[in-house]
Amino acid sequence: MKRFIVIVLDGFGMGAMKDAHEVRPGDEKASTLGSILRDFPDSCFPTLEKLGLMNAFGRESLRMKFSPTANAGKSELMHWGADTFMGHQEIMGTLPKKPIAQPFQEKVDAIREYLLQNGHKVEERETDGLRYLLVDDYVTVADNIDADYGMAYNCTAPLDYISFEKELEIGHLVRDIATVNRVIPFGGTGTTIQDILNAEEIREGKYIGINAVRSGSYNHGYQCRHLGYGVDKNVQAPTILTNAGIPVTLLGKVADIVANDGGKSISCVPTDEVLDLTAKEIRSMETGFICTNVQETDLAGHSQDSDWYRRLLELADRKIAGMLPMLAEDDIFLVMADHGNDPDIGHNKHTRENVPLLVYKKGLSGVNLGLRSTLSDVGATVCDYFGVRAPQNGTSFLNLLKKGEE
């Protein structure tokens, strides 16, 4: 039995990166964990504490202390900004390229004309001089206002009225023209186009889009696909592993945003459900790689709700506690994040923060992983662990872990 399990607590940062003042002005004081502990000083996540949460954080709290047996460190983000999509591409071993940021206003005319040329009905909607598109009566195309502004466009649809496949076709056409990091077609059931239009919001006077949480798209029947810019799946861990005959399972939002053509991908948002699916996969998988994204922590950050964030961490902590006894001698279990999302920073965007790297393996104790320069070190370690070729980017820390067992 030989398994490598990665749990990504989406948006769970541990303090601003040293370049935040240049890359993300305003994020210099960001600390997702720091804000939660300041708002709720008696917070306690005993499993994460045992795994080295405070070791990675660099200081103790009222109820959580350093763990002398933990194997812990932190990682910087190599990708520009602080982005879930690029964060996960980086985790899987992609060398990030800087995308071209453009408000939707700069592309709306070209995208409208291209959609019309391809036989779609296109209605232009305008509020305060800002325009976005309603395609085939049910698909809005606009700025993504829930991440770095100008870095992604969303296609949002009520899936009771139009199929996800048809929405995806529209998304691919938008991707043909757009040069931003991501085009994201998504939607859910149980909502109407009016619910989506009612969730329209304007940010900074030049970005207009649909607030994803307010639209109700996450509530039922959620489907999503992230169409990336400059990402090659063939140099990433999942493709390398499956080509070598090693099973790969992606769970939660990572299933929506990372290519896994030869493996199993299951989309899921609720924290209890996605972690229960992870436990089920651990029980059934003899050998292979599992990566799970816990998305609701990121949603709590976007909602600027530190209490919800704290309760989600408590839930995740309990679920992770139940997984550790399932692990065999050779299994490696890693908890990390993809960026920060400080609920108290004063805006609802991601924050450019270092993220934790908390490793558990039976018999492994006291390994200091230090500060890694890229999330790709995880993908490189996964490939090294299974003895396959390295991904495009990253340096394996498997030798550090082996030394900790000596």
# chains A, B, ... in the order shown; residues from 1 in each chain; ligands from 1
$ residues_around --residues "segment 308-312 of chain A" --least-positions-apart "5" --cutoff "7 Å" --atoms "only C-alpha atoms" --output "list of chain:residue names"
A:Ile36, A:Thr297, A:Ala300, A:Gly301
$ residues_around --residues "Ala157 of chain A" --least-positions-apart "2" --cutoff "7 Å" --atoms "only C-alpha atoms" --output "PyMOL selection string"
chain A and resi 138-140+155+159+186-187+193
$ residues_around --residues "segment 64-66 of chain A" --least-positions-apart "6" --cutoff "9 Å" --atoms "only C-alpha atoms" --output "number ranges by chain"
A: 42-46, 49-50, 52-56, 58
$ residues_around --residues "Ser284 of chain A" --least-positions-apart "4" --cutoff "12 Å" --atoms "only C-alpha atoms" --output "list in words"
Met1, Arg3, Pro247, Thr249, Leu277, Thr278, Ala279, Lys280, Gly288, Ile290, Met326 and Leu327 of chain A
$ write_last_selection --atoms "N, CA and C atoms" --output "short mmCIF file (atom, residue, chain, number, x, y, z; two decimals), in the first residue's frame"
data_model
loop_
_atom_site.label_atom_id
_atom_site.label_comp_id
_atom_site.auth_asym_id
_atom_site.auth_seq_id
_atom_site.Cartn_x
_atom_site.Cartn_y
_atom_site.Cartn_z
N MET A 1 0.86 -1.20 0.00
CA MET A 1 0.00 0.00 0.00
C MET A 1 0.89 1.24 0.00
N ARG A 3 0.34 5.36 -0.76
CA ARG A 3 -0.57 6.44 -1.13
C ARG A 3 -0.01 7.79 -0.68
N PRO A 247 -3.04 5.32 -10.09
CA PRO A 247 -4.36 5.95 -9.97
C PRO A 247 -4.29 7.35 -9.34
N THR A 249 -7.02 10.45 -7.91
CA THR A 249 -8.38 10.91 -7.61
C THR A 249 -8.32 12.36 -7.16
N LEU A 277 -15.91 11.94 1.28
CA LEU A 277 -15.50 11.29 0.03
C LEU A 277 -14.01 10.96 0.05
N THR A 278 -13.22 11.84 0.65
CA THR A 278 -11.79 11.59 0.77
C THR A 278 -11.51 10.37 1.63
N ALA A 279 -12.20 10.29 2.77
CA ALA A 279 -12.03 9.12 3.64
C ALA A 279 -12.44 7.84 2.93
N LYS A 280 -13.52 7.91 2.18
CA LYS A 280 -13.98 6.74 1.42
C LYS A 280 -12.93 6.31 0.40
N GLY A 288 -1.93 5.05 -4.88
CA GLY A 288 -2.28 6.17 -5.72
C GLY A 288 -2.20 7.51 -5.02
N ILE A 290 -4.22 11.08 -4.05
CA ILE A 290 -5.50 11.74 -3.80
C ILE A 290 -5.23 13.20 -3.49
N MET A 326 -6.43 5.69 9.32
CA MET A 326 -6.59 4.86 8.11
C MET A 326 -5.28 4.66 7.36
N LEU A 327 -4.26 5.43 7.70
CA LEU A 327 -3.05 5.45 6.91
C LEU A 327 -2.14 4.26 7.22
#
$ select_by_dssp --residues "segment 147-374 of chain A" --states "alpha helix (DSSP H)" --output "ChimeraX atom specification"
/A:164-177,193-198,212-215,237-243,254-257,271-284,296-302,306-323
$ closest_residue --among "A:Leu324, A:Ile345, A:Leu9, A:Val335" --to "Asp27 of chain A" --atoms "only C-alpha atoms"
A:Ile345
$ closest_atom_pairs --of "segment 192-225 of chain A" --to "segment 163-180 of chain A" --cutoff "10 Å" --atoms "only C-alpha atoms" --output "Markdown table"
| residue | atom | partner | partner_atom | distance |
| --- | --- | --- | --- | --- |
| A:Tyr222 | CA | A:Phe164 | CA | 9.7 |
| A:Gln223 | CA | A:Phe164 | CA | 7.2 |
| A:Cys224 | CA | A:Phe164 | CA | 8.3 |
| A:Arg225 | CA | A:Leu168 | CA | 7.7 |
$ closest_residue --among "A:Trp80, A:Phe289, A:Phe57, A:Phe397" --to "Glu22 of chain A" --atoms "only C-alpha atoms"
A:Trp80
$ residues_around --residues "segment 372-379 of chain A" --least-positions-apart "4" --cutoff "8 Å" --atoms "only C-alpha atoms" --output "ChimeraX atom specification"
/A:73-78,87,90-95,236-237,338,383,391,393-397
$ write_last_selection --atoms "N, CA and C atoms" --output "PDB file, in the first residue's frame"
ATOM      1  N   GLY A  73       6.293  23.161   7.611  1.00  0.00           N
ATOM      2  CA  GLY A  73       6.963  24.279   6.986  1.00  0.00           C
ATOM      3  C   GLY A  73       5.947  25.170   6.316  1.00  0.00           C
ATOM      4  N   LYS A  74       6.410  26.034   5.444  1.00  0.00           N
ATOM      5  CA  LYS A  74       5.531  26.945   4.707  1.00  0.00           C
ATOM      6  C   LYS A  74       5.990  27.013   3.259  1.00  0.00           C
ATOM      7  N   SER A  75       5.116  27.534   2.415  1.00  0.00           N
ATOM      8  CA  SER A  75       5.481  27.748   1.016  1.00  0.00           C
ATOM      9  C   SER A  75       5.029  29.114   0.550  1.00  0.00           C
ATOM     10  N   GLU A  76       5.862  29.729  -0.259  1.00  0.00           N
ATOM     11  CA  GLU A  76       5.475  30.929  -0.982  1.00  0.00           C
ATOM     12  C   GLU A  76       4.683  30.541  -2.222  1.00  0.00           C
ATOM     13  N   LEU A  77       4.059  31.526  -2.847  1.00  0.00           N
ATOM     14  CA  LEU A  77       3.374  31.338  -4.122  1.00  0.00           C
ATOM     15  C   LEU A  77       4.290  31.832  -5.227  1.00  0.00           C
ATOM     16  N   MET A  78       4.495  31.019  -6.254  1.00  0.00           N
ATOM     17  CA  MET A  78       5.279  31.470  -7.394  1.00  0.00           C
ATOM     18  C   MET A  78       4.393  32.168  -8.414  1.00  0.00           C
ATOM     19  N   GLY A  87      -2.964  28.523  -8.384  1.00  0.00           N
ATOM     20  CA  GLY A  87      -2.388  27.864  -7.218  1.00  0.00           C
ATOM     21  C   GLY A  87      -2.371  26.357  -7.379  1.00  0.00           C
ATOM     22  N   GLU A  90       0.030  25.251 -10.059  1.00  0.00           N
ATOM     23  CA  GLU A  90       1.371  25.298  -9.474  1.00  0.00           C
ATOM     24  C   GLU A  90       1.617  24.089  -8.570  1.00  0.00           C
ATOM     25  N   ILE A  91       0.642  23.748  -7.733  1.00  0.00           N
ATOM     26  CA  ILE A  91       0.779  22.575  -6.864  1.00  0.00           C
ATOM     27  C   ILE A  91       1.095  21.334  -7.691  1.00  0.00           C
ATOM     28  N   MET A  92       0.447  21.210  -8.836  1.00  0.00           N
ATOM     29  CA  MET A  92       0.610  20.013  -9.667  1.00  0.00           C
ATOM     30  C   MET A  92       1.875  20.042 -10.515  1.00  0.00           C
ATOM     31  N   GLY A  93       2.663  21.117 -10.415  1.00  0.00           N
ATOM     32  CA  GLY A  93       3.957  21.124 -11.063  1.00  0.00           C
ATOM     33  C   GLY A  93       4.114  22.042 -12.251  1.00  0.00           C
ATOM     34  N   THR A  94       3.170  22.929 -12.493  1.00  0.00           N
ATOM     35  CA  THR A  94       3.269  23.892 -13.592  1.00  0.00           C
ATOM     36  C   THR A  94       4.144  25.078 -13.192  1.00  0.00           C
ATOM     37  N   LEU A  95       5.004  25.499 -14.092  1.00  0.00           N
ATOM     38  CA  LEU A  95       5.762  26.733 -13.903  1.00  0.00           C
ATOM     39  C   LEU A  95       4.857  27.893 -14.298  1.00  0.00           C
ATOM     40  N   GLN A 236       2.110  18.041 -15.682  1.00  0.00           N
ATOM     41  CA  GLN A 236       1.579  18.066 -14.327  1.00  0.00           C
ATOM     42  C   GLN A 236       1.523  16.661 -13.729  1.00  0.00           C
ATOM     43  N   ALA A 237       1.544  16.601 -12.386  1.00  0.00           N
ATOM     44  CA  ALA A 237       1.582  15.332 -11.668  1.00  0.00           C
ATOM     45  C   ALA A 237       0.451  14.368 -12.056  1.00  0.00           C
ATOM     46  N   ASP A 338      -3.580  27.035  -0.925  1.00  0.00           N
ATOM     47  CA  ASP A 338      -3.202  27.507  -2.256  1.00  0.00           C
ATOM     48  C   ASP A 338      -2.953  29.010  -2.310  1.00  0.00           C
ATOM     49  N   CYS A 383       5.579  13.093  -7.356  1.00  0.00           N
ATOM     50  CA  CYS A 383       6.160  12.325  -8.459  1.00  0.00           C
ATOM     51  C   CYS A 383       7.390  11.554  -8.005  1.00  0.00           C
ATOM     52  N   PRO A 391       7.631  16.744 -12.618  1.00  0.00           N
ATOM     53  CA  PRO A 391       6.821  17.717 -13.361  1.00  0.00           C
ATOM     54  C   PRO A 391       7.691  18.871 -13.845  1.00  0.00           C
ATOM     55  N   ASN A 393       7.982  21.886 -12.876  1.00  0.00           N
ATOM     56  CA  ASN A 393       8.487  22.842 -11.890  1.00  0.00           C
ATOM     57  C   ASN A 393       8.528  22.196 -10.509  1.00  0.00           C
ATOM     58  N   GLY A 394       9.374  22.715  -9.651  1.00  0.00           N
ATOM     59  CA  GLY A 394       9.386  22.279  -8.263  1.00  0.00           C
ATOM     60  C   GLY A 394      10.571  21.401  -7.899  1.00  0.00           C
ATOM     61  N   THR A 395      10.890  21.393  -6.593  1.00  0.00           N
ATOM     62  CA  THR A 395      11.975  20.593  -6.028  1.00  0.00           C
ATOM     63  C   THR A 395      11.407  19.668  -4.965  1.00  0.00           C
ATOM     64  N   SER A 396      11.624  18.387  -5.125  1.00  0.00           N
ATOM     65  CA  SER A 396      11.096  17.403  -4.170  1.00  0.00           C
ATOM     66  C   SER A 396      11.731  17.578  -2.790  1.00  0.00           C
ATOM     67  N   PHE A 397      10.911  17.411  -1.749  1.00  0.00           N
ATOM     68  CA  PHE A 397      11.445  17.377  -0.382  1.00  0.00           C
ATOM     69  C   PHE A 397      11.353  15.965   0.208  1.00  0.00           C
TER      70      PHE A 397
END
$ atom_distance --atom1 "atom CA of Arg203 of chain A" --atom2 "atom CA of Ser306 of chain A"
22.0 Å
